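Structure file run.cif (mmCIF, N, CA and C atoms) is printed below.
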data_final
loop_
_atom_site.group_PDB
_atom_site.id
_atom_site.type_symbol
_atom_site.label_atom_id
_atom_site.label_comp_id
_atom_site.auth_asym_id
_atom_site.auth_seq_id
_atom_site.Cartn_x
_atom_site.Cartn_y
_atom_site.Cartn_z
ATOM 1 N N MET A 8 -9.053 -11.929 -0.913
ATOM 2 C CA MET A 8 -7.664 -11.746 -1.282
ATOM 3 C C MET A 8 -6.941 -10.816 -0.309
ATOM 4 N N ALA A 9 -7.635 -9.920 0.335
ATOM 5 C CA ALA A 9 -6.991 -8.923 1.179
ATOM 6 C C ALA A 9 -6.613 -9.444 2.542
ATOM 7 N N HIS A 10 -7.333 -10.410 3.056
ATOM 8 C CA HIS A 10 -6.900 -11.045 4.300
ATOM 9 C C HIS A 10 -7.407 -12.476 4.326
ATOM 10 N N ARG A 11 -6.557 -13.349 3.907
ATOM 11 C CA ARG A 11 -6.920 -14.752 3.744
ATOM 12 C C ARG A 11 -6.892 -15.518 5.047
ATOM 13 N N GLY A 12 -6.147 -15.058 6.001
ATOM 14 C CA GLY A 12 -6.060 -15.790 7.245
ATOM 15 C C GLY A 12 -4.886 -15.304 8.063
ATOM 16 N N PRO A 13 -4.648 -15.969 9.184
ATOM 17 C CA PRO A 13 -3.597 -15.505 10.088
ATOM 18 C C PRO A 13 -2.196 -15.649 9.508
ATOM 19 N N ARG A 14 -2.045 -16.361 8.408
ATOM 20 C CA ARG A 14 -0.717 -16.566 7.845
ATOM 21 C C ARG A 14 -0.494 -15.802 6.542
ATOM 22 N N SER A 15 -1.261 -14.779 6.299
ATOM 23 C CA SER A 15 -1.057 -13.933 5.131
ATOM 24 C C SER A 15 -0.502 -12.597 5.575
ATOM 25 N N TYR A 16 0.561 -12.192 4.905
ATOM 26 C CA TYR A 16 1.190 -10.899 5.182
ATOM 27 C C TYR A 16 1.360 -10.174 3.861
ATOM 28 N N PHE A 17 1.214 -8.870 3.911
ATOM 29 C CA PHE A 17 1.244 -8.062 2.702
ATOM 30 C C PHE A 17 2.292 -6.969 2.818
ATOM 31 N N VAL A 18 3.111 -6.848 1.783
ATOM 32 C CA VAL A 18 3.997 -5.705 1.625
ATOM 33 C C VAL A 18 3.304 -4.847 0.584
ATOM 34 N N TYR A 19 3.118 -3.575 0.882
ATOM 35 C CA TYR A 19 2.326 -2.744 -0.008
ATOM 36 C C TYR A 19 2.999 -1.401 -0.261
ATOM 37 N N ILE A 20 2.641 -0.817 -1.396
ATOM 38 C CA ILE A 20 3.116 0.518 -1.746
ATOM 39 C C ILE A 20 1.896 1.391 -1.983
ATOM 40 N N LEU A 21 1.874 2.515 -1.289
ATOM 41 C CA LEU A 21 0.838 3.528 -1.470
ATOM 42 C C LEU A 21 1.444 4.699 -2.220
ATOM 43 N N SER A 22 0.593 5.439 -2.918
ATOM 44 C CA SER A 22 1.028 6.627 -3.637
ATOM 45 C C SER A 22 0.042 7.756 -3.393
ATOM 46 N N SER A 23 0.563 8.961 -3.386
ATOM 47 C CA SER A 23 -0.299 10.141 -3.328
ATOM 48 C C SER A 23 -0.613 10.563 -4.760
ATOM 49 N N GLU A 24 -1.518 11.498 -4.898
ATOM 50 C CA GLU A 24 -1.829 12.032 -6.229
ATOM 51 C C GLU A 24 -0.597 12.687 -6.847
ATOM 52 N N ARG A 25 0.292 13.216 -6.010
ATOM 53 C CA ARG A 25 1.514 13.882 -6.488
ATOM 54 C C ARG A 25 2.663 12.916 -6.721
ATOM 55 N N GLY A 26 2.467 11.642 -6.387
ATOM 56 C CA GLY A 26 3.493 10.644 -6.656
ATOM 57 C C GLY A 26 4.418 10.302 -5.505
ATOM 58 N N LEU A 27 4.112 10.785 -4.309
ATOM 59 C CA LEU A 27 4.894 10.372 -3.149
ATOM 60 C C LEU A 27 4.595 8.912 -2.855
ATOM 61 N N LEU A 28 5.591 8.164 -2.414
ATOM 62 C CA LEU A 28 5.420 6.735 -2.162
ATOM 63 C C LEU A 28 5.605 6.409 -0.686
ATOM 64 N N TYR A 29 4.899 5.377 -0.246
ATOM 65 C CA TYR A 29 5.037 4.855 1.101
ATOM 66 C C TYR A 29 5.016 3.338 1.005
ATOM 67 N N ILE A 30 5.914 2.682 1.729
ATOM 68 C CA ILE A 30 5.980 1.222 1.746
ATOM 69 C C ILE A 30 5.697 0.744 3.157
ATOM 70 N N GLY A 31 4.830 -0.258 3.267
ATOM 71 C CA GLY A 31 4.493 -0.794 4.578
ATOM 72 C C GLY A 31 4.247 -2.290 4.511
ATOM 73 N N VAL A 32 4.000 -2.870 5.681
ATOM 74 C CA VAL A 32 3.704 -4.298 5.788
ATOM 75 C C VAL A 32 2.558 -4.473 6.784
ATOM 76 N N THR A 33 1.692 -5.442 6.528
ATOM 77 C CA THR A 33 0.540 -5.683 7.393
ATOM 78 C C THR A 33 0.071 -7.127 7.241
ATOM 79 N N ASN A 34 -0.697 -7.585 8.213
ATOM 80 C CA ASN A 34 -1.324 -8.899 8.082
ATOM 81 C C ASN A 34 -2.801 -8.773 7.710
ATOM 82 N N ASP A 35 -3.283 -7.536 7.566
ATOM 83 C CA ASP A 35 -4.677 -7.294 7.183
ATOM 84 C C ASP A 35 -4.701 -6.060 6.281
ATOM 85 N N LEU A 36 -4.612 -6.292 4.998
ATOM 86 C CA LEU A 36 -4.490 -5.202 4.037
ATOM 87 C C LEU A 36 -5.714 -4.294 4.050
ATOM 88 N N GLN A 37 -6.887 -4.855 4.128
ATOM 89 C CA GLN A 37 -8.110 -4.059 4.123
ATOM 90 C C GLN A 37 -8.152 -3.114 5.326
ATOM 91 N N ARG A 38 -7.883 -3.631 6.502
ATOM 92 C CA ARG A 38 -7.883 -2.791 7.709
ATOM 93 C C ARG A 38 -6.830 -1.693 7.620
ATOM 94 N N ARG A 39 -5.631 -2.071 7.181
ATOM 95 C CA ARG A 39 -4.535 -1.096 7.122
ATOM 96 C C ARG A 39 -4.832 -0.003 6.103
ATOM 97 N N LEU A 40 -5.389 -0.361 4.965
ATOM 98 C CA LEU A 40 -5.747 0.652 3.971
ATOM 99 C C LEU A 40 -6.789 1.609 4.527
ATOM 100 N N ALA A 41 -7.775 1.074 5.224
ATOM 101 C CA ALA A 41 -8.802 1.926 5.836
ATOM 102 C C ALA A 41 -8.163 2.888 6.830
ATOM 103 N N GLU A 42 -7.210 2.408 7.613
ATOM 104 C CA GLU A 42 -6.522 3.278 8.567
ATOM 105 C C GLU A 42 -5.788 4.407 7.859
ATOM 106 N N HIS A 43 -5.099 4.083 6.764
ATOM 107 C CA HIS A 43 -4.404 5.123 5.989
ATOM 108 C C HIS A 43 -5.407 6.105 5.397
ATOM 109 N N GLN A 44 -6.467 5.588 4.779
ATOM 110 C CA GLN A 44 -7.439 6.427 4.087
ATOM 111 C C GLN A 44 -8.205 7.330 5.037
ATOM 112 N N GLN A 45 -8.402 6.896 6.262
ATOM 113 C CA GLN A 45 -9.135 7.682 7.250
ATOM 114 C C GLN A 45 -8.217 8.552 8.088
ATOM 115 N N GLY A 46 -6.924 8.566 7.765
ATOM 116 C CA GLY A 46 -5.980 9.411 8.478
ATOM 117 C C GLY A 46 -5.638 8.922 9.873
ATOM 118 N N LYS A 47 -5.866 7.643 10.134
ATOM 119 C CA LYS A 47 -5.590 7.091 11.469
ATOM 120 C C LYS A 47 -4.117 6.741 11.658
ATOM 121 N N VAL A 48 -3.344 6.758 10.580
ATOM 122 C CA VAL A 48 -1.910 6.500 10.672
ATOM 123 C C VAL A 48 -1.232 7.862 10.691
ATOM 124 N N ALA A 49 -0.869 8.293 11.877
ATOM 125 C CA ALA A 49 -0.278 9.626 12.029
ATOM 126 C C ALA A 49 1.069 9.697 11.314
ATOM 127 N N GLY A 50 1.381 10.872 10.812
ATOM 128 C CA GLY A 50 2.682 11.075 10.205
ATOM 129 C C GLY A 50 2.618 11.262 8.706
ATOM 130 N N PHE A 51 3.588 10.657 8.032
ATOM 131 C CA PHE A 51 3.843 10.879 6.615
ATOM 132 C C PHE A 51 2.618 10.644 5.728
ATOM 133 N N THR A 52 1.975 9.483 5.855
ATOM 134 C CA THR A 52 0.866 9.168 4.944
ATOM 135 C C THR A 52 -0.326 10.075 5.165
ATOM 136 N N SER A 53 -0.585 10.412 6.395
ATOM 137 C CA SER A 53 -1.709 11.287 6.700
ATOM 138 C C SER A 53 -1.403 12.729 6.287
ATOM 139 N N ARG A 54 -0.197 13.187 6.576
ATOM 140 C CA ARG A 54 0.196 14.568 6.258
ATOM 141 C C ARG A 54 0.160 14.833 4.752
ATOM 142 N N TYR A 55 0.620 13.852 3.966
ATOM 143 C CA TYR A 55 0.723 14.044 2.517
ATOM 144 C C TYR A 55 -0.357 13.319 1.723
ATOM 145 N N LYS A 56 -1.384 12.817 2.409
ATOM 146 C CA LYS A 56 -2.527 12.161 1.763
ATOM 147 C C LYS A 56 -2.081 11.043 0.812
ATOM 148 N N ILE A 57 -1.299 10.142 1.350
ATOM 149 C CA ILE A 57 -0.801 9.005 0.584
ATOM 150 C C ILE A 57 -1.743 7.837 0.879
ATOM 151 N N HIS A 58 -2.720 7.656 -0.019
ATOM 152 C CA HIS A 58 -3.811 6.714 0.249
ATOM 153 C C HIS A 58 -4.043 5.680 -0.837
ATOM 154 N N ARG A 59 -3.484 5.864 -2.018
ATOM 155 C CA ARG A 59 -3.794 4.962 -3.132
ATOM 156 C C ARG A 59 -2.902 3.734 -3.119
ATOM 157 N N LEU A 60 -3.501 2.561 -3.072
ATOM 158 C CA LEU A 60 -2.754 1.309 -3.145
ATOM 159 C C LEU A 60 -2.356 1.078 -4.599
ATOM 160 N N VAL A 61 -1.062 1.120 -4.886
ATOM 161 C CA VAL A 61 -0.611 0.940 -6.265
ATOM 162 C C VAL A 61 0.149 -0.368 -6.478
ATOM 163 N N TYR A 62 0.495 -1.039 -5.362
ATOM 164 C CA TYR A 62 1.241 -2.296 -5.487
ATOM 165 C C TYR A 62 1.148 -3.062 -4.173
ATOM 166 N N PHE A 63 1.095 -4.389 -4.271
ATOM 167 C CA PHE A 63 1.217 -5.204 -3.070
ATOM 168 C C PHE A 63 1.688 -6.598 -3.444
ATOM 169 N N GLU A 64 2.294 -7.236 -2.475
ATOM 170 C CA GLU A 64 2.728 -8.625 -2.584
ATOM 171 C C GLU A 64 2.201 -9.349 -1.359
ATOM 172 N N GLU A 65 1.922 -10.621 -1.508
ATOM 173 C CA GLU A 65 1.439 -11.426 -0.382
ATOM 174 C C GLU A 65 2.409 -12.575 -0.128
ATOM 175 N N THR A 66 2.623 -12.878 1.135
ATOM 176 C CA THR A 66 3.455 -14.003 1.536
ATOM 177 C C THR A 66 2.863 -14.638 2.786
ATOM 178 N N GLY A 67 3.233 -15.864 3.045
ATOM 179 C CA GLY A 67 2.756 -16.548 4.230
ATOM 180 C C GLY A 67 3.720 -16.481 5.400
ATOM 181 N N ASP A 68 4.811 -15.728 5.233
ATOM 182 C CA ASP A 68 5.850 -15.682 6.253
ATOM 183 C C ASP A 68 6.149 -14.241 6.654
ATOM 184 N N ILE A 69 5.963 -13.921 7.928
ATOM 185 C CA ILE A 69 6.180 -12.554 8.405
ATOM 186 C C ILE A 69 7.625 -12.117 8.210
ATOM 187 N N HIS A 70 8.559 -13.035 8.398
ATOM 188 C CA HIS A 70 9.977 -12.671 8.240
ATOM 189 C C HIS A 70 10.284 -12.300 6.792
ATOM 190 N N SER A 71 9.708 -13.034 5.853
ATOM 191 C CA SER A 71 9.872 -12.713 4.429
ATOM 192 C C SER A 71 9.265 -11.357 4.114
ATOM 193 N N ALA A 72 8.101 -11.092 4.680
ATOM 194 C CA ALA A 72 7.431 -9.809 4.445
ATOM 195 C C ALA A 72 8.271 -8.647 4.972
ATOM 196 N N LEU A 73 8.790 -8.806 6.171
ATOM 197 C CA LEU A 73 9.602 -7.728 6.760
ATOM 198 C C LEU A 73 10.908 -7.535 5.991
ATOM 199 N N GLU A 74 11.510 -8.621 5.531
ATOM 200 C CA GLU A 74 12.733 -8.508 4.723
ATOM 201 C C GLU A 74 12.450 -7.813 3.395
ATOM 202 N N ARG A 75 11.317 -8.167 2.768
ATOM 203 C CA ARG A 75 10.963 -7.555 1.493
ATOM 204 C C ARG A 75 10.678 -6.068 1.680
ATOM 205 N N GLU A 76 9.977 -5.716 2.761
ATOM 206 C CA GLU A 76 9.716 -4.301 3.047
ATOM 207 C C GLU A 76 11.041 -3.558 3.176
ATOM 208 N N LYS A 77 11.951 -4.108 3.926
ATOM 209 C CA LYS A 77 13.261 -3.481 4.129
ATOM 210 C C LYS A 77 14.008 -3.339 2.794
ATOM 211 N N GLN A 78 13.934 -4.391 1.972
ATOM 212 C CA GLN A 78 14.587 -4.356 0.664
ATOM 213 C C GLN A 78 14.016 -3.234 -0.200
ATOM 214 N N LEU A 79 12.678 -3.174 -0.296
ATOM 215 C CA LEU A 79 12.041 -2.153 -1.127
ATOM 216 C C LEU A 79 12.344 -0.749 -0.632
ATOM 217 N N LYS A 80 12.349 -0.567 0.673
ATOM 218 C CA LYS A 80 12.647 0.749 1.231
ATOM 219 C C LYS A 80 14.076 1.178 0.916
ATOM 220 N N GLY A 81 14.961 0.217 0.703
ATOM 221 C CA GLY A 81 16.347 0.524 0.383
ATOM 222 C C GLY A 81 16.587 0.849 -1.083
ATOM 223 N N TRP A 82 15.602 0.568 -1.919
ATOM 224 C CA TRP A 82 15.746 0.835 -3.350
ATOM 225 C C TRP A 82 15.659 2.321 -3.642
ATOM 226 N N ARG A 83 16.302 2.717 -4.739
ATOM 227 C CA ARG A 83 16.148 4.080 -5.250
ATOM 228 C C ARG A 83 14.724 4.239 -5.780
ATOM 229 N N ARG A 84 14.255 5.463 -5.783
ATOM 230 C CA ARG A 84 12.890 5.770 -6.229
ATOM 231 C C ARG A 84 12.601 5.201 -7.623
ATOM 232 N N GLU A 85 13.545 5.326 -8.538
ATOM 233 C CA GLU A 85 13.340 4.866 -9.910
ATOM 234 C C GLU A 85 13.047 3.371 -9.958
ATOM 235 N N LYS A 86 13.736 2.612 -9.126
ATOM 236 C CA LYS A 86 13.531 1.155 -9.106
ATOM 237 C C LYS A 86 12.163 0.809 -8.512
ATOM 238 N N LYS A 87 11.746 1.550 -7.491
ATOM 239 C CA LYS A 87 10.418 1.341 -6.909
ATOM 240 C C LYS A 87 9.337 1.632 -7.948
ATOM 241 N N LEU A 88 9.508 2.734 -8.672
ATOM 242 C CA LEU A 88 8.531 3.098 -9.699
ATOM 243 C C LEU A 88 8.473 2.054 -10.807
ATOM 244 N N ALA A 89 9.617 1.518 -11.183
ATOM 245 C CA ALA A 89 9.654 0.477 -12.219
ATOM 246 C C ALA A 89 8.900 -0.769 -11.750
ATOM 247 N N LEU A 90 9.044 -1.132 -10.482
ATOM 248 C CA LEU A 90 8.324 -2.283 -9.927
ATOM 249 C C LEU A 90 6.814 -2.056 -10.015
ATOM 250 N N VAL A 91 6.371 -0.877 -9.608
ATOM 251 C CA VAL A 91 4.941 -0.562 -9.659
ATOM 252 C C VAL A 91 4.458 -0.552 -11.098
ATOM 253 N N ARG A 92 5.202 0.112 -11.984
ATOM 254 C CA ARG A 92 4.786 0.218 -13.393
ATOM 255 C C ARG A 92 4.649 -1.141 -14.061
ATOM 256 N N LYS A 93 5.513 -2.076 -13.687
ATOM 257 C CA LYS A 93 5.446 -3.406 -14.291
ATOM 258 C C LYS A 93 4.127 -4.098 -13.946
ATOM 259 N N ALA A 94 3.677 -3.964 -12.713
ATOM 260 C CA ALA A 94 2.440 -4.616 -12.266
ATOM 261 C C ALA A 94 1.200 -3.756 -12.471
ATOM 262 N N ASN A 95 1.385 -2.441 -12.461
ATOM 263 C CA ASN A 95 0.254 -1.506 -12.471
ATOM 264 C C ASN A 95 0.651 -0.272 -13.290
ATOM 265 N N PRO A 96 0.737 -0.411 -14.613
ATOM 266 C CA PRO A 96 1.275 0.657 -15.464
ATOM 267 C C PRO A 96 0.577 2.011 -15.337
ATOM 268 N N ARG A 97 -0.717 2.011 -15.032
ATOM 269 C CA ARG A 97 -1.462 3.276 -14.947
ATOM 270 C C ARG A 97 -1.585 3.783 -13.513
ATOM 271 N N PHE A 98 -0.948 3.110 -12.576
ATOM 272 C CA PHE A 98 -0.987 3.501 -11.162
ATOM 273 C C PHE A 98 -2.427 3.656 -10.666
ATOM 274 N N VAL A 99 -3.297 2.742 -11.087
ATOM 275 C CA VAL A 99 -4.677 2.792 -10.612
ATOM 276 C C VAL A 99 -4.715 2.384 -9.146
ATOM 277 N N ASP A 100 -5.736 2.806 -8.449
ATOM 278 C CA ASP A 100 -5.897 2.452 -7.044
ATOM 279 C C ASP A 100 -6.413 1.021 -6.982
ATOM 280 N N LEU A 101 -5.532 0.107 -6.628
ATOM 281 C CA LEU A 101 -5.883 -1.312 -6.589
ATOM 282 C C LEU A 101 -6.924 -1.617 -5.523
ATOM 283 N N ALA A 102 -7.013 -0.786 -4.514
ATOM 284 C CA ALA A 102 -8.014 -0.989 -3.461
ATOM 285 C C ALA A 102 -9.419 -0.928 -4.055
ATOM 286 N N ILE A 103 -9.626 -0.058 -5.009
ATOM 287 C CA ILE A 103 -10.934 0.057 -5.663
ATOM 288 C C ILE A 103 -11.190 -1.201 -6.491
ATOM 289 N N GLU A 104 -10.192 -1.616 -7.274
ATOM 290 C CA GLU A 104 -10.355 -2.803 -8.115
ATOM 291 C C GLU A 104 -10.583 -4.067 -7.298
ATOM 292 N N LEU A 105 -10.004 -4.128 -6.098
ATOM 293 C CA LEU A 105 -10.150 -5.304 -5.238
ATOM 294 C C LEU A 105 -11.365 -5.215 -4.324
ATOM 295 N N GLY A 106 -12.083 -4.094 -4.398
ATOM 296 C CA GLY A 106 -13.253 -3.905 -3.556
ATOM 297 C C GLY A 106 -12.910 -3.651 -2.098
ATOM 298 N N LEU A 107 -11.736 -3.084 -1.842
ATOM 299 C CA LEU A 107 -11.286 -2.848 -0.471
ATOM 300 C C LEU A 107 -11.568 -1.443 0.025
ATOM 301 N N LYS A 108 -12.050 -0.586 -0.844
ATOM 302 C CA LYS A 108 -12.296 0.789 -0.449
ATOM 303 C C LYS A 108 -13.694 0.919 0.094
ATOM 304 N N GLY A 109 -13.790 1.473 1.309
ATOM 305 C CA GLY A 109 -15.088 1.608 1.927
ATOM 306 C C GLY A 109 -15.482 3.060 2.105
ATOM 307 N N GLY A 110 -16.476 3.282 2.938
ATOM 308 C CA GLY A 110 -16.957 4.626 3.209
ATOM 309 C C GLY A 110 -15.911 5.482 3.884
ATOM 310 N N GLY A 111 -16.045 6.792 3.711
ATOM 311 C CA GLY A 111 -15.140 7.724 4.345
ATOM 312 C C GLY A 111 -13.828 7.896 3.608
ATOM 313 N N THR A 112 -13.739 7.407 2.375
ATOM 314 C CA THR A 112 -12.488 7.510 1.640
ATOM 315 C C THR A 112 -12.603 8.398 0.409
ATOM 316 N N GLU A 113 -13.698 9.101 0.293
ATOM 317 C CA GLU A 113 -13.914 9.920 -0.905
ATOM 318 C C GLU A 113 -12.867 11.017 -1.044
ATOM 319 N N HIS A 114 -12.239 11.408 0.059
ATOM 320 C CA HIS A 114 -11.297 12.522 0.048
ATOM 321 C C HIS A 114 -9.919 12.152 -0.474
ATOM 322 N N GLN A 115 -9.735 10.956 -0.982
ATOM 323 C CA GLN A 115 -8.410 10.469 -1.318
ATOM 324 C C GLN A 115 -7.625 11.399 -2.229
ATOM 325 N N GLY A 116 -8.253 12.083 -3.145
ATOM 326 C CA GLY A 116 -7.503 12.906 -4.065
ATOM 327 C C GLY A 116 -7.385 14.344 -3.665
ATOM 328 N N SER A 117 -7.935 14.715 -2.529
ATOM 329 C CA SER A 117 -7.905 16.124 -2.155
ATOM 330 C C SER A 117 -6.645 16.483 -1.432
#
Write the structure described by the file as structure tokens, please.
Amino acid sequence: MAHRGPRSYFVYILSSERGLLYIGVTNDLQRRLAEHQQGKVAGFTSRYKIHRLVYFEETGDIHSALEREKQLKGWRREKKLALVRKANPRFVDLAIELGLKGGGTEHQGS
């Protein structure tokens, strides 16, 4: 489910333990999550330990994915939270449920 092929694109929302949100897009969700979790993505997500996958959407069109990312980033925080709550009411780390979390990610909550 995390990378079905060259025509799968994912818009995803990550959350920190404190509730900070990050929205991104990728064609390989598993690889991108590992990069975030291992601190390989310099900047906001690494600085604030934003590693938990709380929401994602899949599409077969990169243009649709980029438009959706832009749309979500333009939303107010409350609307983003409502979207996540509808699909994932307890804000569980979907990466764990999908079996996408690998070694070196134990520090996610620290």
Using DSSP assignments from the backbone, pull out every residue in chain A that falls under strand (DSSP E or B) and give it to me as an NGL selection string.
:A and (16-22 or 28-33 or 59-66)
Applied to the shown file, which residues does the PyMOL selection byres ((chain A and resi 34) around 5) return, written as a ChimeraX atom specification?
/A:15-17,32-33,35-36
Nearest residue to A:Glu24 out of A:Tyr55, A:Phe63, A:Arg39, A:Leu107, using only N, CA and C atoms?
A:Tyr55
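Among the candidates A:Ala94, A:Val48, A:Ile69, A:Val61, the one nearest to A:Leu27 when counting only C-alpha atoms is A:Val61.
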Record the distance separating atom N of A:Arg92 and atom N of A:Arg14, expressed in Å with one decimal.
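Computing the Euclidean distance for atom N of A:Arg92 and atom N of A:Arg14 yields 27.2 Å.
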Would you kindly return, as a PDB file with N, CA and C atoms, keeping the file's coordinate frame, each protein, DNA or RNA residue with an atom no farther than 10 Å from any atom of A:His43, considering only C-alpha atoms and excluding same-chain residues fewer than 5 positions away?
ATOM      1  N   LEU A  21       1.874   2.515  -1.289  1.00  0.00           N
ATOM      2  CA  LEU A  21       0.838   3.528  -1.470  1.00  0.00           C
ATOM      3  C   LEU A  21       1.444   4.699  -2.220  1.00  0.00           C
ATOM      4  N   ARG A  38      -7.883  -3.631   6.502  1.00  0.00           N
ATOM      5  CA  ARG A  38      -7.883  -2.791   7.709  1.00  0.00           C
ATOM      6  C   ARG A  38      -6.830  -1.693   7.620  1.00  0.00           C
ATOM      7  N   VAL A  48      -3.344   6.758  10.580  1.00  0.00           N
ATOM      8  CA  VAL A  48      -1.910   6.500  10.672  1.00  0.00           C
ATOM      9  C   VAL A  48      -1.232   7.862  10.691  1.00  0.00           C
ATOM     10  N   ALA A  49      -0.869   8.293  11.877  1.00  0.00           N
ATOM     11  CA  ALA A  49      -0.278   9.626  12.029  1.00  0.00           C
ATOM     12  C   ALA A  49       1.069   9.697  11.314  1.00  0.00           C
ATOM     13  N   THR A  52       1.975   9.483   5.855  1.00  0.00           N
ATOM     14  CA  THR A  52       0.866   9.168   4.944  1.00  0.00           C
ATOM     15  C   THR A  52      -0.326  10.075   5.165  1.00  0.00           C
ATOM     16  N   SER A  53      -0.585  10.412   6.395  1.00  0.00           N
ATOM     17  CA  SER A  53      -1.709  11.287   6.700  1.00  0.00           C
ATOM     18  C   SER A  53      -1.403  12.729   6.287  1.00  0.00           C
ATOM     19  N   LYS A  56      -1.384  12.817   2.409  1.00  0.00           N
ATOM     20  CA  LYS A  56      -2.527  12.161   1.763  1.00  0.00           C
ATOM     21  C   LYS A  56      -2.081  11.043   0.812  1.00  0.00           C
ATOM     22  N   ILE A  57      -1.299  10.142   1.350  1.00  0.00           N
ATOM     23  CA  ILE A  57      -0.801   9.005   0.584  1.00  0.00           C
ATOM     24  C   ILE A  57      -1.743   7.837   0.879  1.00  0.00           C
ATOM     25  N   HIS A  58      -2.720   7.656  -0.019  1.00  0.00           N
ATOM     26  CA  HIS A  58      -3.811   6.714   0.249  1.00  0.00           C
ATOM     27  C   HIS A  58      -4.043   5.680  -0.837  1.00  0.00           C
ATOM     28  N   ARG A  59      -3.484   5.864  -2.018  1.00  0.00           N
ATOM     29  CA  ARG A  59      -3.794   4.962  -3.132  1.00  0.00           C
ATOM     30  C   ARG A  59      -2.902   3.734  -3.119  1.00  0.00           C
ATOM     31  N   THR A 112     -13.739   7.407   2.375  1.00  0.00           N
ATOM     32  CA  THR A 112     -12.488   7.510   1.640  1.00  0.00           C
ATOM     33  C   THR A 112     -12.603   8.398   0.409  1.00  0.00           C
ATOM     34  N   GLN A 115      -9.735  10.956  -0.982  1.00  0.00           N
ATOM     35  CA  GLN A 115      -8.410  10.469  -1.318  1.00  0.00           C
ATOM     36  C   GLN A 115      -7.625  11.399  -2.229  1.00  0.00           C
TER      37      GLN A 115
END
Residues in the PyMOL selection byres (((chain A and resi 98 and name CA) around 9) and name CA), expressed as a PyMOL selection string
chain A and resi 22+59-62+91-92+94-97+99-101
What box, with edges along x, y and z, holds each listed atom of stretch 27-38 of chain A when 3 Å is added on every side, and can you state its centre and edge lengths in Å to one decimal, as lines of an AutoDock Vina configuration file?
center_x = -1.1
center_y = 0.9
center_z = 2.0
size_x = 20.1
size_y = 25.7
size_z = 18.5
Could you give me, as an MDAnalysis selection string, each residue of stretch 12-111 of chain A that DSSP assigns to helix (DSSP H, G or I) when run on this structure's backbone?
chainID A and resid 36:44 51:54 69:81 84:94 101:104
For a quick check of understanding, using all atoms listed in the file, which of A:Gly67, A:Gly106, A:Gly50, A:Gly81 has the smallest distance to A:Gln37?
A:Gly106
Expressed in Å to a single decimal, how great is the separation between atom CA of A:Gln44 and atom CA of A:Ile30?
14.6 Å
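With atom C of A:Leu40 on one side and atom N of A:Ala102 on the other, the separation reads 9.4 Å.
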From the options A:Glu104, A:Gly31, A:Gln45, A:Ser23, which residue's atoms come nearest to A:Lys77, counting only C-alpha atoms?
A:Gly31
Contacts of A:Gln78 at 12 Å (only C-alpha atoms; same-chain gap of 5+ positions) as a PDB file with N, CA and C atoms, in the coordinates of the input:
ATOM      1  N   VAL A  18       3.111  -6.848   1.783  1.00  0.00           N
ATOM      2  CA  VAL A  18       3.997  -5.705   1.625  1.00  0.00           C
ATOM      3  C   VAL A  18       3.304  -4.847   0.584  1.00  0.00           C
ATOM      4  N   ILE A  30       5.914   2.682   1.729  1.00  0.00           N
ATOM      5  CA  ILE A  30       5.980   1.222   1.746  1.00  0.00           C
ATOM      6  C   ILE A  30       5.697   0.744   3.157  1.00  0.00           C
ATOM      7  N   GLY A  31       4.830  -0.258   3.267  1.00  0.00           N
ATOM      8  CA  GLY A  31       4.493  -0.794   4.578  1.00  0.00           C
ATOM      9  C   GLY A  31       4.247  -2.290   4.511  1.00  0.00           C
ATOM     10  N   SER A  71       9.708 -13.034   5.853  1.00  0.00           N
ATOM     11  CA  SER A  71       9.872 -12.713   4.429  1.00  0.00           C
ATOM     12  C   SER A  71       9.265 -11.357   4.114  1.00  0.00           C
ATOM     13  N   ALA A  72       8.101 -11.092   4.680  1.00  0.00           N
ATOM     14  CA  ALA A  72       7.431  -9.809   4.445  1.00  0.00           C
ATOM     15  C   ALA A  72       8.271  -8.647   4.972  1.00  0.00           C
ATOM     16  N   LEU A  73       8.790  -8.806   6.171  1.00  0.00           N
ATOM     17  CA  LEU A  73       9.602  -7.728   6.760  1.00  0.00           C
ATOM     18  C   LEU A  73      10.908  -7.535   5.991  1.00  0.00           C
ATOM     19  N   ARG A  83      16.302   2.717  -4.739  1.00  0.00           N
ATOM     20  CA  ARG A  83      16.148   4.080  -5.250  1.00  0.00           C
ATOM     21  C   ARG A  83      14.724   4.239  -5.780  1.00  0.00           C
ATOM     22  N   LYS A  86      13.736   2.612  -9.126  1.00  0.00           N
ATOM     23  CA  LYS A  86      13.531   1.155  -9.106  1.00  0.00           C
ATOM     24  C   LYS A  86      12.163   0.809  -8.512  1.00  0.00           C
ATOM     25  N   LYS A  87      11.746   1.550  -7.491  1.00  0.00           N
ATOM     26  CA  LYS A  87      10.418   1.341  -6.909  1.00  0.00           C
ATOM     27  C   LYS A  87       9.337   1.632  -7.948  1.00  0.00           C
TER      28      LYS A  87
END
